[in-house]
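Participant: Data: start25.txt, compact mmCIF, C-alpha atoms.
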# COMPACT_ATOMS: atom_id res chain seq x y z
CA MET S 1 4.04 32.90 10.67
CA PRO S 2 5.27 32.14 14.16
CA SER S 3 4.70 28.44 13.64
CA THR S 4 3.62 25.87 11.11
CA PRO S 5 0.46 24.13 12.38
CA LEU S 6 0.35 20.48 11.56
CA PRO S 7 -2.65 19.23 9.59
CA PRO S 8 -5.00 17.22 11.81
CA THR S 9 -4.46 13.49 11.47
CA PRO S 10 -5.90 10.52 13.38
CA GLU S 11 -2.53 10.08 15.08
CA THR S 12 -1.84 13.72 16.03
CA ALA S 13 -5.09 15.70 16.11
CA PRO S 14 -6.34 16.66 19.59
CA SER S 15 -9.77 15.47 20.56
CA SER S 16 -11.24 18.91 21.31
CA GLY S 17 -9.60 22.17 22.32
CA LEU S 18 -6.88 22.49 24.91
CA LEU S 19 -8.21 19.77 27.19
CA GLY S 20 -8.21 17.29 24.32
CA ALA S 21 -4.67 18.33 23.39
CA LEU S 22 -3.44 17.81 26.94
CA GLU S 23 -5.14 14.44 27.21
CA ASN S 24 -3.54 13.20 23.99
CA ALA S 25 -0.14 14.47 25.16
CA SER S 26 1.39 14.06 21.70
CA SER S 27 4.01 16.42 20.31
CA ALA S 28 1.51 18.03 17.98
CA ALA S 29 -1.00 18.52 20.82
CA ILE S 30 1.63 20.12 23.05
CA LEU S 31 2.64 22.41 20.20
CA ARG S 32 -0.94 23.47 19.74
CA VAL S 33 -1.26 24.29 23.44
CA LEU S 34 1.95 26.32 23.31
CA ARG S 35 0.83 28.18 20.18
CA VAL S 36 -2.55 29.05 21.68
CA THR S 37 -0.85 30.14 24.92
CA LEU S 38 1.63 32.29 22.99
CA HIS S 39 -1.05 34.08 20.97
CA THR S 40 -3.29 34.52 24.00
CA GLY S 41 -0.42 35.87 26.10
CA PHE S 42 0.57 38.33 23.38
CA ALA S 43 -3.01 39.63 23.13
CA LEU S 44 -3.41 39.97 26.91
CA LEU S 45 -0.09 41.73 27.45
CA LEU S 46 -0.78 44.11 24.57
CA ALA S 47 -4.25 44.88 25.97
CA VAL S 48 -2.91 45.43 29.49
CA GLY S 49 -0.22 47.77 28.23
CA LEU S 50 -2.70 49.73 26.12
CA VAL S 51 -5.19 50.11 29.00
CA ARG S 52 -2.50 51.24 31.48
CA MET S 53 -1.12 53.73 28.98
CA LEU S 54 -4.54 55.21 28.30
CA MET S 55 -5.29 55.45 32.02
CA ALA S 56 -1.99 57.27 32.57
CA GLY S 57 -3.01 59.94 30.05
CA GLY S 58 -0.57 62.11 28.14
CA PRO S 59 -0.70 64.18 24.95
CA LEU S 60 0.54 61.36 22.71
CA ARG S 61 -1.51 58.53 24.16
CA TRP S 62 -3.65 58.23 21.01
CA VAL S 63 -0.51 57.94 18.89
CA TRP S 64 0.66 55.02 21.03
CA ALA S 65 -2.86 53.56 20.96
CA GLY S 66 -2.84 53.69 17.16
CA ALA S 67 0.56 51.99 17.11
CA ALA S 68 -0.78 49.28 19.43
CA VAL S 69 -3.73 48.67 17.11
CA VAL S 70 -1.38 48.45 14.12
CA LEU S 71 0.82 45.97 16.01
CA ALA S 72 -2.25 43.86 16.84
CA ALA S 73 -3.38 43.92 13.21
CA VAL S 74 0.07 42.97 11.88
CA TYR S 75 0.44 40.13 14.38
CA LEU S 76 -3.07 38.82 13.74
CA THR S 77 -2.71 39.05 9.95
CA GLY S 78 0.53 37.06 9.96
CA THR S 79 -0.76 34.29 12.23
CA VAL S 80 -4.09 33.95 10.39
CA LEU S 81 -2.46 33.80 6.95
CA GLU S 82 0.05 31.22 8.14
CA LYS S 83 -2.67 29.05 9.68
CA ARG S 84 -4.84 29.13 6.56
CA HIS S 85 -1.86 28.27 4.37
CA ALA S 86 -0.96 25.33 6.63
CA GLU S 87 -4.55 24.07 6.34
CA GLY S 88 -4.41 24.38 2.54
CA ARG S 89 -7.12 27.05 2.39
CA ILE S 90 -4.98 29.64 0.54
CA ALA S 91 -2.16 29.29 -2.00
CA PHE S 92 -0.20 32.30 -0.75
CA ASP S 93 2.74 31.18 1.43
CA PRO S 94 3.35 33.83 4.14
CA ARG S 95 6.41 32.00 5.48
CA ARG S 96 8.48 33.49 2.68
CA HIS S 97 7.88 36.89 4.30
CA GLY S 98 8.38 35.68 7.86
CA LEU S 99 11.50 37.75 8.57
CA LEU S 100 9.85 40.91 7.27
CA TRP S 101 6.82 40.23 9.46
CA LEU S 102 9.03 39.57 12.49
CA GLY S 103 11.00 42.78 11.90
CA LEU S 104 7.78 44.81 11.62
CA VAL S 105 6.41 43.33 14.86
CA THR S 106 9.69 44.04 16.68
CA VAL S 107 9.93 47.63 15.41
CA LEU S 108 6.34 48.38 16.42
CA TRP S 109 6.99 46.92 19.87
CA ALA S 110 10.13 49.05 20.26
CA PHE S 111 8.14 52.12 19.25
CA LEU S 112 5.49 51.33 21.89
CA LEU S 113 8.20 50.63 24.49
CA ALA S 114 9.66 54.06 23.85
CA GLY S 115 6.27 55.57 24.64
CA SER S 116 5.38 53.48 27.68
CA ALA S 117 7.20 50.99 29.89
CA ASP S 118 3.87 49.16 30.27
CA PHE S 119 4.61 47.42 26.97
CA ALA S 120 7.90 45.99 28.27
CA TRP S 121 6.49 42.58 29.17
CA LEU S 122 5.19 42.14 25.62
CA ALA S 123 8.82 41.28 24.82
CA PHE S 124 8.53 37.76 26.23
CA PRO S 125 6.09 36.30 23.62
CA ILE S 126 8.13 38.12 20.95
CA PHE S 127 11.22 36.24 22.22
CA PHE S 128 9.57 33.00 21.09
CA LEU S 129 9.01 34.42 17.61
CA HIS S 130 12.71 35.28 17.30
CA LEU S 131 13.76 31.82 18.46
CA HIS S 132 11.39 30.19 15.98
CA LEU S 133 12.03 32.30 12.90
CA LEU S 134 15.72 33.21 13.25
CA PRO S 135 18.84 31.03 13.44
CA ARG S 136 19.92 30.41 17.01
CA ARG S 137 22.80 32.89 17.30
CA PRO S 138 21.00 35.86 15.69
CA ALA S 139 17.95 35.05 17.80
CA LEU S 140 19.96 35.08 21.03
CA LEU S 141 21.55 38.38 20.02
CA THR S 142 18.20 40.09 19.31
CA ILE S 143 16.76 38.69 22.57
CA ALA S 144 19.71 40.15 24.49
CA LEU S 145 19.21 43.54 22.88
CA MET S 146 15.47 43.45 23.60
CA THR S 147 16.19 42.50 27.22
CA VAL S 148 18.50 45.51 27.54
CA ALA S 149 15.72 47.68 26.10
CA VAL S 150 13.26 46.33 28.67
CA ILE S 151 15.69 47.03 31.52
CA ALA S 152 16.31 50.52 30.20
CA SER S 153 12.59 51.26 29.94
CA GLN S 154 11.98 50.06 33.51
CA TRP S 155 14.90 52.13 34.75
CA ALA S 156 13.65 55.24 32.96
CA ALA S 157 10.13 54.74 34.29
CA SER S 158 11.37 54.43 37.88
CA GLY S 159 13.32 57.71 37.73
CA ALA S 160 15.98 56.26 40.04
CA PRO S 161 19.64 57.13 39.43
CA ILE S 162 20.55 53.42 39.61
CA PRO S 163 18.25 50.69 38.31
CA HIS S 164 16.67 48.57 40.99
CA ALA S 165 17.87 44.96 41.20
CA ALA S 166 14.38 43.66 40.43
CA ALA S 167 14.26 45.76 37.24
CA VAL S 168 17.38 43.92 36.06
CA VAL S 169 16.91 40.41 37.44
CA GLY S 170 13.29 40.11 36.36
CA PRO S 171 13.82 40.77 32.63
CA VAL S 172 17.00 38.67 32.57
CA LEU S 173 15.32 35.68 34.21
CA GLY S 174 12.32 36.12 31.91
CA ALA S 175 14.60 36.14 28.89
CA VAL S 176 16.44 33.01 30.09
CA PHE S 177 13.16 31.23 30.73
CA SER S 178 11.90 32.26 27.30
CA VAL S 179 15.04 30.97 25.61
CA ILE S 180 14.85 27.60 27.37
CA THR S 181 11.13 27.27 26.62
CA GLY S 182 11.69 28.37 23.02
CA LEU S 183 14.43 25.79 22.48
CA ALA S 184 12.15 23.08 23.94
CA TYR S 185 9.40 24.28 21.61
CA ALA S 186 11.78 24.05 18.65
CA ALA S 187 12.74 20.48 19.64
CA LEU S 188 9.08 19.51 19.91
CA TYR S 189 8.39 21.16 16.59
CA ARG S 190 11.12 19.14 14.89
CA GLU S 191 9.84 15.95 16.50
CA ALA S 192 6.28 16.69 15.36
CA GLU S 193 7.55 17.34 11.83
CA ASN S 194 9.43 14.04 11.87
CA GLN S 195 6.32 12.25 13.11
CA ARG S 196 4.23 13.85 10.36
CA ARG S 197 6.75 12.84 7.70
CA ALA S 198 6.90 9.32 9.12
CA ALA S 199 3.09 9.13 9.11
CA ASP S 200 2.98 10.36 5.52
CA GLU S 201 5.63 7.83 4.51
CA LEU S 202 3.70 5.07 6.29
CA ARG S 203 0.51 6.02 4.45
CA ARG S 204 2.34 6.05 1.13
CA THR S 205 3.91 2.68 1.93
CA ARG S 206 0.52 1.22 2.80
CA GLU S 207 -0.98 2.58 -0.41
CA GLU S 208 1.89 1.14 -2.46
CA LEU S 209 1.58 -2.20 -0.65
CA ALA S 210 -2.17 -2.31 -1.26
CA ARG S 211 -1.62 -1.43 -4.91
CA SER S 212 1.08 -4.09 -5.35
CA GLN S 213 -1.09 -6.68 -3.58
CA HIS S 214 -3.98 -5.79 -5.89
CA GLU S 215 -1.74 -6.12 -8.94
CA ALA S 216 -0.39 -9.43 -7.65
CA GLY S 217 -3.94 -10.65 -7.13
CA VAL S 218 -4.89 -9.61 -10.66
CA LEU S 219 -1.86 -11.43 -12.10
CA ALA S 220 -2.59 -14.52 -10.00
CA GLU S 221 -6.20 -14.57 -11.23
CA ARG S 222 -5.01 -14.20 -14.82
CA GLU S 223 -2.67 -17.14 -14.33
CA ARG S 224 -5.48 -19.21 -12.83
CA LEU S 225 -7.80 -18.46 -15.73
CA ALA S 226 -5.02 -19.16 -18.22
CA ARG S 227 -4.40 -22.57 -16.64
CA GLU S 228 -8.09 -23.43 -16.55
CA ILE S 229 -8.61 -22.34 -20.16
CA HIS S 230 -5.56 -24.26 -21.36
CA ASP S 231 -6.38 -27.45 -19.46
CA THR S 232 -10.10 -27.49 -20.31
CA LEU S 233 -11.41 -25.25 -23.09
CA ALA S 234 -8.26 -25.17 -25.23
CA GLN S 235 -7.85 -28.93 -25.09
CA GLY S 236 -11.53 -29.48 -25.78
CA LEU S 237 -11.56 -27.07 -28.72
CA SER S 238 -8.46 -28.77 -30.09
CA SER S 239 -10.27 -32.12 -29.89
CA ILE S 240 -13.30 -30.65 -31.61
CA VAL S 241 -11.12 -29.37 -34.47
CA LEU S 242 -9.51 -32.79 -34.93
CA LEU S 243 -12.85 -34.58 -34.77
CA GLY S 244 -14.34 -32.13 -37.27
CA ARG S 245 -11.54 -32.82 -39.72
CA ALA S 246 -11.97 -36.57 -39.23
CA ALA S 247 -15.76 -36.28 -39.76
CA GLU S 248 -15.19 -34.24 -42.89
CA GLN S 249 -12.85 -36.91 -44.22
CA SER S 250 -15.40 -39.63 -43.42
CA LEU S 251 -18.08 -37.73 -45.31
CA ALA S 252 -15.70 -37.31 -48.24
CA ASP S 253 -15.11 -41.07 -48.21
CA GLY S 254 -18.85 -41.72 -48.12
CA ASP S 255 -18.72 -43.30 -44.64
CA ALA S 256 -21.79 -41.62 -43.14
CA ALA S 257 -21.95 -43.89 -40.07
CA THR S 258 -18.41 -43.07 -38.99
CA ALA S 259 -18.98 -39.37 -39.68
CA SER S 260 -22.16 -39.45 -37.57
CA GLY S 261 -20.29 -41.05 -34.65
CA ARG S 262 -17.56 -38.45 -34.83
CA LEU S 263 -20.10 -35.63 -34.94
CA ALA S 264 -21.80 -37.09 -31.85
CA LEU S 265 -18.44 -37.19 -30.09
CA MET S 266 -17.87 -33.57 -31.09
CA GLN S 267 -21.19 -32.62 -29.49
CA GLN S 268 -20.31 -34.48 -26.30
CA THR S 269 -16.88 -32.82 -26.14
CA ALA S 270 -18.46 -29.41 -26.68
CA ALA S 271 -21.03 -30.08 -23.93
CA ASP S 272 -18.29 -31.20 -21.52
CA ASN S 273 -16.27 -28.06 -22.21
CA LEU S 274 -19.32 -25.87 -21.77
CA ALA S 275 -19.85 -27.44 -18.33
CA GLU S 276 -16.17 -26.86 -17.52
CA ALA S 277 -16.42 -23.23 -18.58
CA ARG S 278 -19.48 -22.59 -16.44
CA SER S 279 -17.81 -24.36 -13.54
CA PHE S 280 -14.57 -22.42 -13.36
CA VAL S 281 -16.37 -19.11 -14.03
CA ARG S 282 -18.33 -19.86 -10.85
CA GLY S 283 -15.11 -20.89 -9.10
CA LEU S 284 -16.27 -24.48 -8.59
CA SER S 285 -14.42 -27.74 -9.07
CA SER S 286 -14.37 -29.71 -12.29
CA PRO S 287 -17.76 -31.25 -13.23
CA GLN S 288 -15.92 -34.52 -13.84
CA LEU S 289 -15.19 -34.71 -10.09
CA GLU S 290 -18.70 -33.95 -8.88
CA GLY S 291 -20.32 -36.95 -7.27
CA THR S 292 -17.44 -39.30 -8.10
CA SER S 293 -13.94 -40.24 -7.01
CA LEU S 294 -10.65 -39.25 -8.59
CA VAL S 295 -10.08 -42.85 -9.75
CA GLU S 296 -13.41 -42.97 -11.56
CA ALA S 297 -12.78 -39.57 -13.16
CA LEU S 298 -9.37 -40.74 -14.40
CA ARG S 299 -10.85 -43.98 -15.74
CA ARG S 300 -13.45 -42.05 -17.72
CA LEU S 301 -10.70 -39.74 -18.96
CA CYS S 302 -8.74 -42.72 -20.28
CA ASP S 303 -11.84 -44.04 -22.06
CA THR S 304 -12.54 -40.62 -23.55
CA THR S 305 -8.93 -40.33 -24.71
CA GLU S 306 -9.14 -43.68 -26.52
CA THR S 307 -12.47 -42.73 -28.12
CA SER S 308 -11.23 -39.33 -29.26
CA ALA S 309 -8.03 -40.83 -30.65
CA ALA S 310 -9.97 -43.50 -32.53
CA ALA S 311 -12.34 -40.89 -33.95
CA SER S 312 -9.27 -39.04 -35.22
CA GLY S 313 -7.96 -42.19 -36.87
CA LEU S 314 -5.34 -42.96 -34.21
CA GLU S 315 -4.76 -46.32 -32.56
CA LEU S 316 -4.10 -45.29 -28.96
CA ARG S 317 -4.74 -47.51 -25.96
CA CYS S 318 -4.99 -45.76 -22.58
CA ARG S 319 -5.30 -47.58 -19.27
CA LEU S 320 -5.38 -46.63 -15.60
CA GLU S 321 -3.35 -48.40 -12.91
CA VAL S 322 -4.01 -47.85 -9.20
CA ASP S 323 -1.55 -48.76 -6.45
CA GLY S 324 -2.67 -48.77 -2.82
CA GLU S 325 -6.06 -48.25 -1.25
CA PRO S 326 -7.78 -45.19 -2.79
CA GLN S 327 -8.32 -42.49 -0.16
CA GLU S 328 -10.32 -39.32 0.05
CA LEU S 329 -8.13 -36.48 -1.17
CA PRO S 330 -8.45 -32.73 -0.58
CA GLN S 331 -10.25 -30.96 -3.40
CA PRO S 332 -7.19 -28.96 -4.61
CA VAL S 333 -5.21 -32.19 -4.92
CA ARG S 334 -7.98 -33.95 -6.86
CA VAL S 335 -8.37 -31.03 -9.28
CA THR S 336 -4.61 -30.73 -9.84
CA LEU S 337 -4.21 -34.44 -10.56
CA LEU S 338 -7.18 -34.47 -12.94
CA ARG S 339 -5.95 -31.38 -14.79
CA ALA S 340 -2.47 -32.90 -15.03
CA ALA S 341 -3.89 -36.06 -16.56
CA GLN S 342 -6.07 -34.09 -18.98
CA ALA S 343 -3.18 -31.93 -20.21
CA SER S 344 -0.73 -34.83 -20.46
CA LEU S 345 -3.11 -37.17 -22.31
CA ALA S 346 -4.11 -34.33 -24.65
CA ASN S 347 -0.43 -33.92 -25.54
CA VAL S 348 -0.10 -37.66 -26.05
CA ARG S 349 -3.14 -37.78 -28.32
CA GLU S 350 -2.26 -34.74 -30.39
CA HIS S 351 1.53 -34.79 -30.61
CA ALA S 352 3.20 -37.97 -29.35
CA ARG S 353 1.86 -40.41 -32.00
CA ALA S 354 1.92 -43.05 -29.28
CA ALA S 355 0.31 -46.48 -29.30
CA THR S 356 0.01 -46.78 -25.51
CA ALA S 357 -0.56 -44.38 -22.63
CA VAL S 358 -0.64 -45.41 -18.96
CA VAL S 359 -1.90 -43.33 -16.04
CA SER S 360 -0.54 -44.75 -12.78
CA VAL S 361 -1.83 -43.43 -9.43
CA ALA S 362 -0.34 -44.50 -6.07
CA PHE S 363 -1.90 -43.69 -2.70
CA LEU S 364 0.90 -43.65 -0.12
CA GLY S 365 -0.88 -42.34 2.97
CA THR S 366 0.83 -39.00 3.48
CA GLU S 367 1.20 -38.32 -0.24
CA VAL S 368 -0.16 -39.33 -3.62
CA THR S 369 1.78 -39.80 -6.83
CA MET S 370 0.69 -39.94 -10.45
CA ASP S 371 2.75 -40.91 -13.50
CA ILE S 372 1.56 -40.47 -17.09
CA TYR S 373 3.61 -42.57 -19.49
CA ASP S 374 3.44 -42.86 -23.27
CA ASP S 375 5.56 -44.71 -25.83
CA GLY S 376 5.42 -41.92 -28.41
CA THR S 377 8.02 -39.82 -30.16
CA GLY S 378 9.16 -37.99 -27.05
CA PHE S 379 10.88 -34.59 -26.96
CA ASP S 380 13.76 -32.76 -25.32
CA PRO S 381 12.60 -31.49 -21.88
CA SER S 382 15.60 -29.15 -21.65
CA ALA S 383 14.51 -27.23 -24.77
CA PRO S 384 12.98 -23.76 -24.24
CA GLU S 385 9.26 -23.79 -23.64
CA GLY S 386 8.53 -22.05 -26.89
CA ALA S 387 10.37 -24.71 -28.84
CA ALA S 388 8.78 -27.50 -26.88
CA GLY S 389 5.40 -26.00 -27.45
CA ALA S 390 6.03 -25.80 -31.18
CA ALA S 391 7.12 -29.45 -31.28
CA ASP S 392 4.62 -31.18 -29.05
CA GLY S 393 2.22 -28.63 -27.65
CA SER S 394 3.54 -29.06 -24.13
CA GLY S 395 5.07 -25.60 -23.70
CA TYR S 396 2.47 -23.72 -21.70
CA GLY S 397 0.84 -26.91 -20.44
CA LEU S 398 3.97 -28.04 -18.60
CA ARG S 399 4.52 -24.56 -17.16
CA SER S 400 0.95 -24.23 -15.91
CA LEU S 401 1.11 -27.76 -14.52
CA HIS S 402 4.32 -26.91 -12.70
CA GLU S 403 2.61 -23.85 -11.17
CA ARG S 404 -0.34 -25.95 -10.02
CA VAL S 405 1.89 -28.55 -8.40
CA THR S 406 4.20 -26.01 -6.78
CA ALA S 407 1.24 -24.18 -5.26
CA LEU S 408 0.41 -27.39 -3.35
CA ASN S 409 4.04 -27.92 -2.20
CA GLY S 410 4.40 -30.84 -4.61
CA SER S 411 7.00 -31.79 -7.19
CA LEU S 412 6.87 -32.35 -10.95
CA ALA S 413 9.40 -34.23 -13.07
CA VAL S 414 9.39 -34.81 -16.82
CA GLU S 415 11.52 -37.52 -18.39
CA SER S 416 11.65 -37.82 -22.16
CA ALA S 417 13.96 -38.33 -25.10
CA ALA S 418 13.46 -38.39 -28.85
CA GLY S 419 11.94 -41.75 -29.87
CA GLU S 420 11.74 -43.06 -26.28
CA GLY S 421 8.40 -41.75 -25.07
CA THR S 422 7.64 -39.46 -22.12
CA VAL S 423 6.93 -39.80 -18.40
CA VAL S 424 5.33 -36.99 -16.40
CA ALA S 425 5.72 -37.74 -12.68
CA ILE S 426 3.80 -35.80 -10.00
CA ARG S 427 4.07 -36.08 -6.22
CA LEU S 428 1.72 -34.22 -3.87
CA PRO S 429 1.47 -34.19 -0.06
CA VAL S 430 -2.02 -34.73 1.32
CA GLU S 431 -1.73 -34.28 5.07
CA GLU S 432 -1.66 -30.47 5.27
CA GLN S 433 -3.92 -29.55 2.39
Spit out the file's structure as structure tokens when you get a sec.
Facilitator:
Amino acid sequence: MPSTPLPPTPETAPSSGLLGALENASSAAILRVLRVTLHTGFALLLAVGLVRMLMAGGPLRWVWAGAAVVLAAVYLTGTVLEKRHAEGRIAFDPRRHGLLWLGLVTVLWAFLLAGSADFAWLAFPIFFLHLHLLPRRPALLTIALMTVAVIASQWAASGAPIPHAAAVVGPVLGAVFSVITGLAYAALYREAENQRRAADELRRTREELARSQHEAGVLAERERLAREIHDTLAQGLSSIVLLGRAAEQSLADGDAATASGRLALMQQTAADNLAEARSFVRGLSSPQLEGTSLVEALRRLCDTTETSAAASGLELRCRLEVDGEPQELPQPVRVTLLRAAQASLANVREHARAATAVVSVAFLGTEVTMDIYDDGTGFDPSAPEGAAGAADGSGYGLRSLHERVTALNGSLAVESAAGEGTVVAIRLPVEEQ
């Protein structure tokens, strides 16, 4: 009850015993030293007073001895219960009964003081209890009264008609020293409490930051998978559906050769998408970029787009134009440009009803640009993404493409109008990738 021990933490716990506390020199360590000193001093002064009283003899010495034992038991019970509560070992909170405990300790001390002046010096550790458990003014008042009681007991024990100067100055100086030390203890206690609260707040902040970073990582991974699925599997499955319908129509028309070719193309598209799925599950680059350049991958993509469009009964011509000397690009740039071309040409094939699509790549040294143009029906780029997606299938594709480009510090522009075709323009830096 005389104090609230702080729970050991890596920042405040002493290394071992008093020496460890002194070496750490933290507020909590100093408080622990003071608490141990206070309890030890109380026990020693009580023992000295009891021994001197018993040696002096007297008919009531066993009464005073019993009172001393009761005082020791009350003091020990209060401090032990408070310590166990502070450590979380018991649910009972003895601090609610702190004033009652303090009053009982003080009354028992006064009773012992009335029996023997040898218990006078026990007042000084009790001063600290008053300063800690009582408001400042009531504590100073009770300390003054206890000091007067000590002086009176010393005067009575001396038998002199006038108290000796030492019997007055000693208790007064002891009381002053106790008050100053008690106030310093209270200041250290408040500082230690503030440090503990700050440490708890820091731990909570770190936990919240770790949790938010984990959630952000989960969301980022979901976005990555969504982009990969949209730009690879979703587009491939869409192509397979269109080819299946075209093959079914060919079979209905009795054109087995055309149906067989479309079925073969379906198998190839399914195999390509299976490779893509295995690749991004393993976190690797697109299989279309393995062992080849970006230009070659884009050229094959244009050929595949033409073939898929023809198998679906569309007359779409797709060509690749290269400006500048092709250069080795960082892997993230290559993947982003390939995915952009895949998504854009898939939109052209499925929604634009275009006759011509052109993929234009320019290598400009410090940056690379790519434009995908088609002469199809076009759309309104300012329309909400949901509406755009319903009209031409570009809703999520454009958003995911914008996220890819932005992640590489690039820019994306879309120019389109109804009946005037569409241009998707991408610019990516390559020096700092």
Participant: As an exercise, work out the distance from CA of Ser360 (chain S) to CA of Glu306 (chain S) in Å and give it to one decimal place.
Facilitator: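 About the pair CA of Ser360 (chain S) and CA of Glu306 (chain S): they are 16.2 Å apart.
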Participant: Between CA of His97 (chain S) and CA of Leu134 (chain S), measure the distance and give it in Å to one decimal.
Facilitator: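 Distance between the two atoms: 12.5 Å.
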Participant: When you draw a straight line from CA of Ile180 (chain S) to CA of Leu45 (chain S), how long is it in Å?
Facilitator: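 Those two atoms sit 20.6 Å apart.
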Participant: Restricting the calculation to only C-alpha atoms: of S:Thr77, S:Gln331, S:Thr147, S:Thr406, which residue gets closest to Ser293 (chain S)?
Facilitator: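 Closest to Ser293 (chain S), using only C-alpha atoms: S:Gln331.
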Participant: Between S:Pro125, S:Leu108, S:Ala199, S:Ala152, which residue has the minimum interatomic distance to Phe177 (chain S), considering only C-alpha atoms?
Facilitator: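 Residue with the minimum atom-to-atom distance to Phe177 (chain S): S:Pro125.
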Participant: Could you list, as a short mmCIF file (atom, residue, chain, number, x, y, z; two decimals) with C-alpha atoms, keeping the file's coordinate frame, every residue within 12 Å of region 127-133 of chain S, counting all atoms listed in the file and ignoring same-chain residues fewer than 4 positions away?
Facilitator:
data_model
loop_
_atom_site.label_atom_id
_atom_site.label_comp_id
_atom_site.auth_asym_id
_atom_site.auth_seq_id
_atom_site.Cartn_x
_atom_site.Cartn_y
_atom_site.Cartn_z
CA MET S 1 4.04 32.90 10.67
CA PRO S 2 5.27 32.14 14.16
CA SER S 3 4.70 28.44 13.64
CA THR S 4 3.62 25.87 11.11
CA LEU S 34 1.95 26.32 23.31
CA ARG S 35 0.83 28.18 20.18
CA THR S 37 -0.85 30.14 24.92
CA LEU S 38 1.63 32.29 22.99
CA HIS S 39 -1.05 34.08 20.97
CA GLY S 41 -0.42 35.87 26.10
CA PHE S 42 0.57 38.33 23.38
CA TYR S 75 0.44 40.13 14.38
CA GLY S 78 0.53 37.06 9.96
CA THR S 79 -0.76 34.29 12.23
CA ARG S 95 6.41 32.00 5.48
CA ARG S 96 8.48 33.49 2.68
CA HIS S 97 7.88 36.89 4.30
CA GLY S 98 8.38 35.68 7.86
CA LEU S 99 11.50 37.75 8.57
CA LEU S 100 9.85 40.91 7.27
CA TRP S 101 6.82 40.23 9.46
CA LEU S 102 9.03 39.57 12.49
CA GLY S 103 11.00 42.78 11.90
CA VAL S 105 6.41 43.33 14.86
CA THR S 106 9.69 44.04 16.68
CA TRP S 109 6.99 46.92 19.87
CA ALA S 120 7.90 45.99 28.27
CA TRP S 121 6.49 42.58 29.17
CA LEU S 122 5.19 42.14 25.62
CA ALA S 123 8.82 41.28 24.82
CA ARG S 137 22.80 32.89 17.30
CA PRO S 138 21.00 35.86 15.69
CA ALA S 139 17.95 35.05 17.80
CA LEU S 140 19.96 35.08 21.03
CA LEU S 141 21.55 38.38 20.02
CA THR S 142 18.20 40.09 19.31
CA ILE S 143 16.76 38.69 22.57
CA ALA S 144 19.71 40.15 24.49
CA LEU S 145 19.21 43.54 22.88
CA MET S 146 15.47 43.45 23.60
CA THR S 147 16.19 42.50 27.22
CA PRO S 171 13.82 40.77 32.63
CA GLY S 174 12.32 36.12 31.91
CA ALA S 175 14.60 36.14 28.89
CA VAL S 176 16.44 33.01 30.09
CA PHE S 177 13.16 31.23 30.73
CA SER S 178 11.90 32.26 27.30
CA VAL S 179 15.04 30.97 25.61
CA ILE S 180 14.85 27.60 27.37
CA THR S 181 11.13 27.27 26.62
CA GLY S 182 11.69 28.37 23.02
CA LEU S 183 14.43 25.79 22.48
CA ALA S 184 12.15 23.08 23.94
CA TYR S 185 9.40 24.28 21.61
CA ALA S 186 11.78 24.05 18.65
CA ALA S 187 12.74 20.48 19.64
CA LEU S 188 9.08 19.51 19.91
CA TYR S 189 8.39 21.16 16.59
CA ARG S 190 11.12 19.14 14.89
#
Participant: Fewer than 2 positions away in the same chain doesn't count, so skip those; otherwise give me all residues within 8 Å of Arg339 (chain S), counting all atoms listed in the file, as a PyMOL selection string.
Facilitator: chain S and resi 231-232+335-337+341-343+401
Participant: Pick from S:Leu251, S:Ala413, S:Ile229, S:Leu398: nearest to Leu274 (chain S), with only C-alpha atoms counted?
Facilitator: S:Ile229
Participant: Within 12 Å of Ala357 (chain S), counting all atoms listed in the file, which residues show up once you throw out same-chain ones fewer than 5 positions away? Write them as a VMD selection string, please.
Facilitator: chain S and resid 301 to 303 305 to 306 309 315 to 321 341 344 to 349 352 371 to 376 421 to 424
Participant: Please produce an output containing C-alpha atoms for each residue in the selection, written as an mmCIF file, in the coordinates of the input.
Facilitator:
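selection_13.cif, written as the output of this step:
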data_model
loop_
_atom_site.group_PDB
_atom_site.id
_atom_site.type_symbol
_atom_site.label_atom_id
_atom_site.label_comp_id
_atom_site.auth_asym_id
_atom_site.auth_seq_id
_atom_site.Cartn_x
_atom_site.Cartn_y
_atom_site.Cartn_z
ATOM 1 C CA LEU S 301 -10.700 -39.740 -18.960
ATOM 2 C CA CYS S 302 -8.740 -42.720 -20.280
ATOM 3 C CA ASP S 303 -11.840 -44.040 -22.060
ATOM 4 C CA THR S 305 -8.930 -40.330 -24.710
ATOM 5 C CA GLU S 306 -9.140 -43.680 -26.520
ATOM 6 C CA ALA S 309 -8.030 -40.830 -30.650
ATOM 7 C CA GLU S 315 -4.760 -46.320 -32.560
ATOM 8 C CA LEU S 316 -4.100 -45.290 -28.960
ATOM 9 C CA ARG S 317 -4.740 -47.510 -25.960
ATOM 10 C CA CYS S 318 -4.990 -45.760 -22.580
ATOM 11 C CA ARG S 319 -5.300 -47.580 -19.270
ATOM 12 C CA LEU S 320 -5.380 -46.630 -15.600
ATOM 13 C CA GLU S 321 -3.350 -48.400 -12.910
ATOM 14 C CA ALA S 341 -3.890 -36.060 -16.560
ATOM 15 C CA SER S 344 -0.730 -34.830 -20.460
ATOM 16 C CA LEU S 345 -3.110 -37.170 -22.310
ATOM 17 C CA ALA S 346 -4.110 -34.330 -24.650
ATOM 18 C CA ASN S 347 -0.430 -33.920 -25.540
ATOM 19 C CA VAL S 348 -0.100 -37.660 -26.050
ATOM 20 C CA ARG S 349 -3.140 -37.780 -28.320
ATOM 21 C CA ALA S 352 3.200 -37.970 -29.350
ATOM 22 C CA ASP S 371 2.750 -40.910 -13.500
ATOM 23 C CA ILE S 372 1.560 -40.470 -17.090
ATOM 24 C CA TYR S 373 3.610 -42.570 -19.490
ATOM 25 C CA ASP S 374 3.440 -42.860 -23.270
ATOM 26 C CA ASP S 375 5.560 -44.710 -25.830
ATOM 27 C CA GLY S 376 5.420 -41.920 -28.410
ATOM 28 C CA GLY S 421 8.400 -41.750 -25.070
ATOM 29 C CA THR S 422 7.640 -39.460 -22.120
ATOM 30 C CA VAL S 423 6.930 -39.800 -18.400
ATOM 31 C CA VAL S 424 5.330 -36.990 -16.400
#
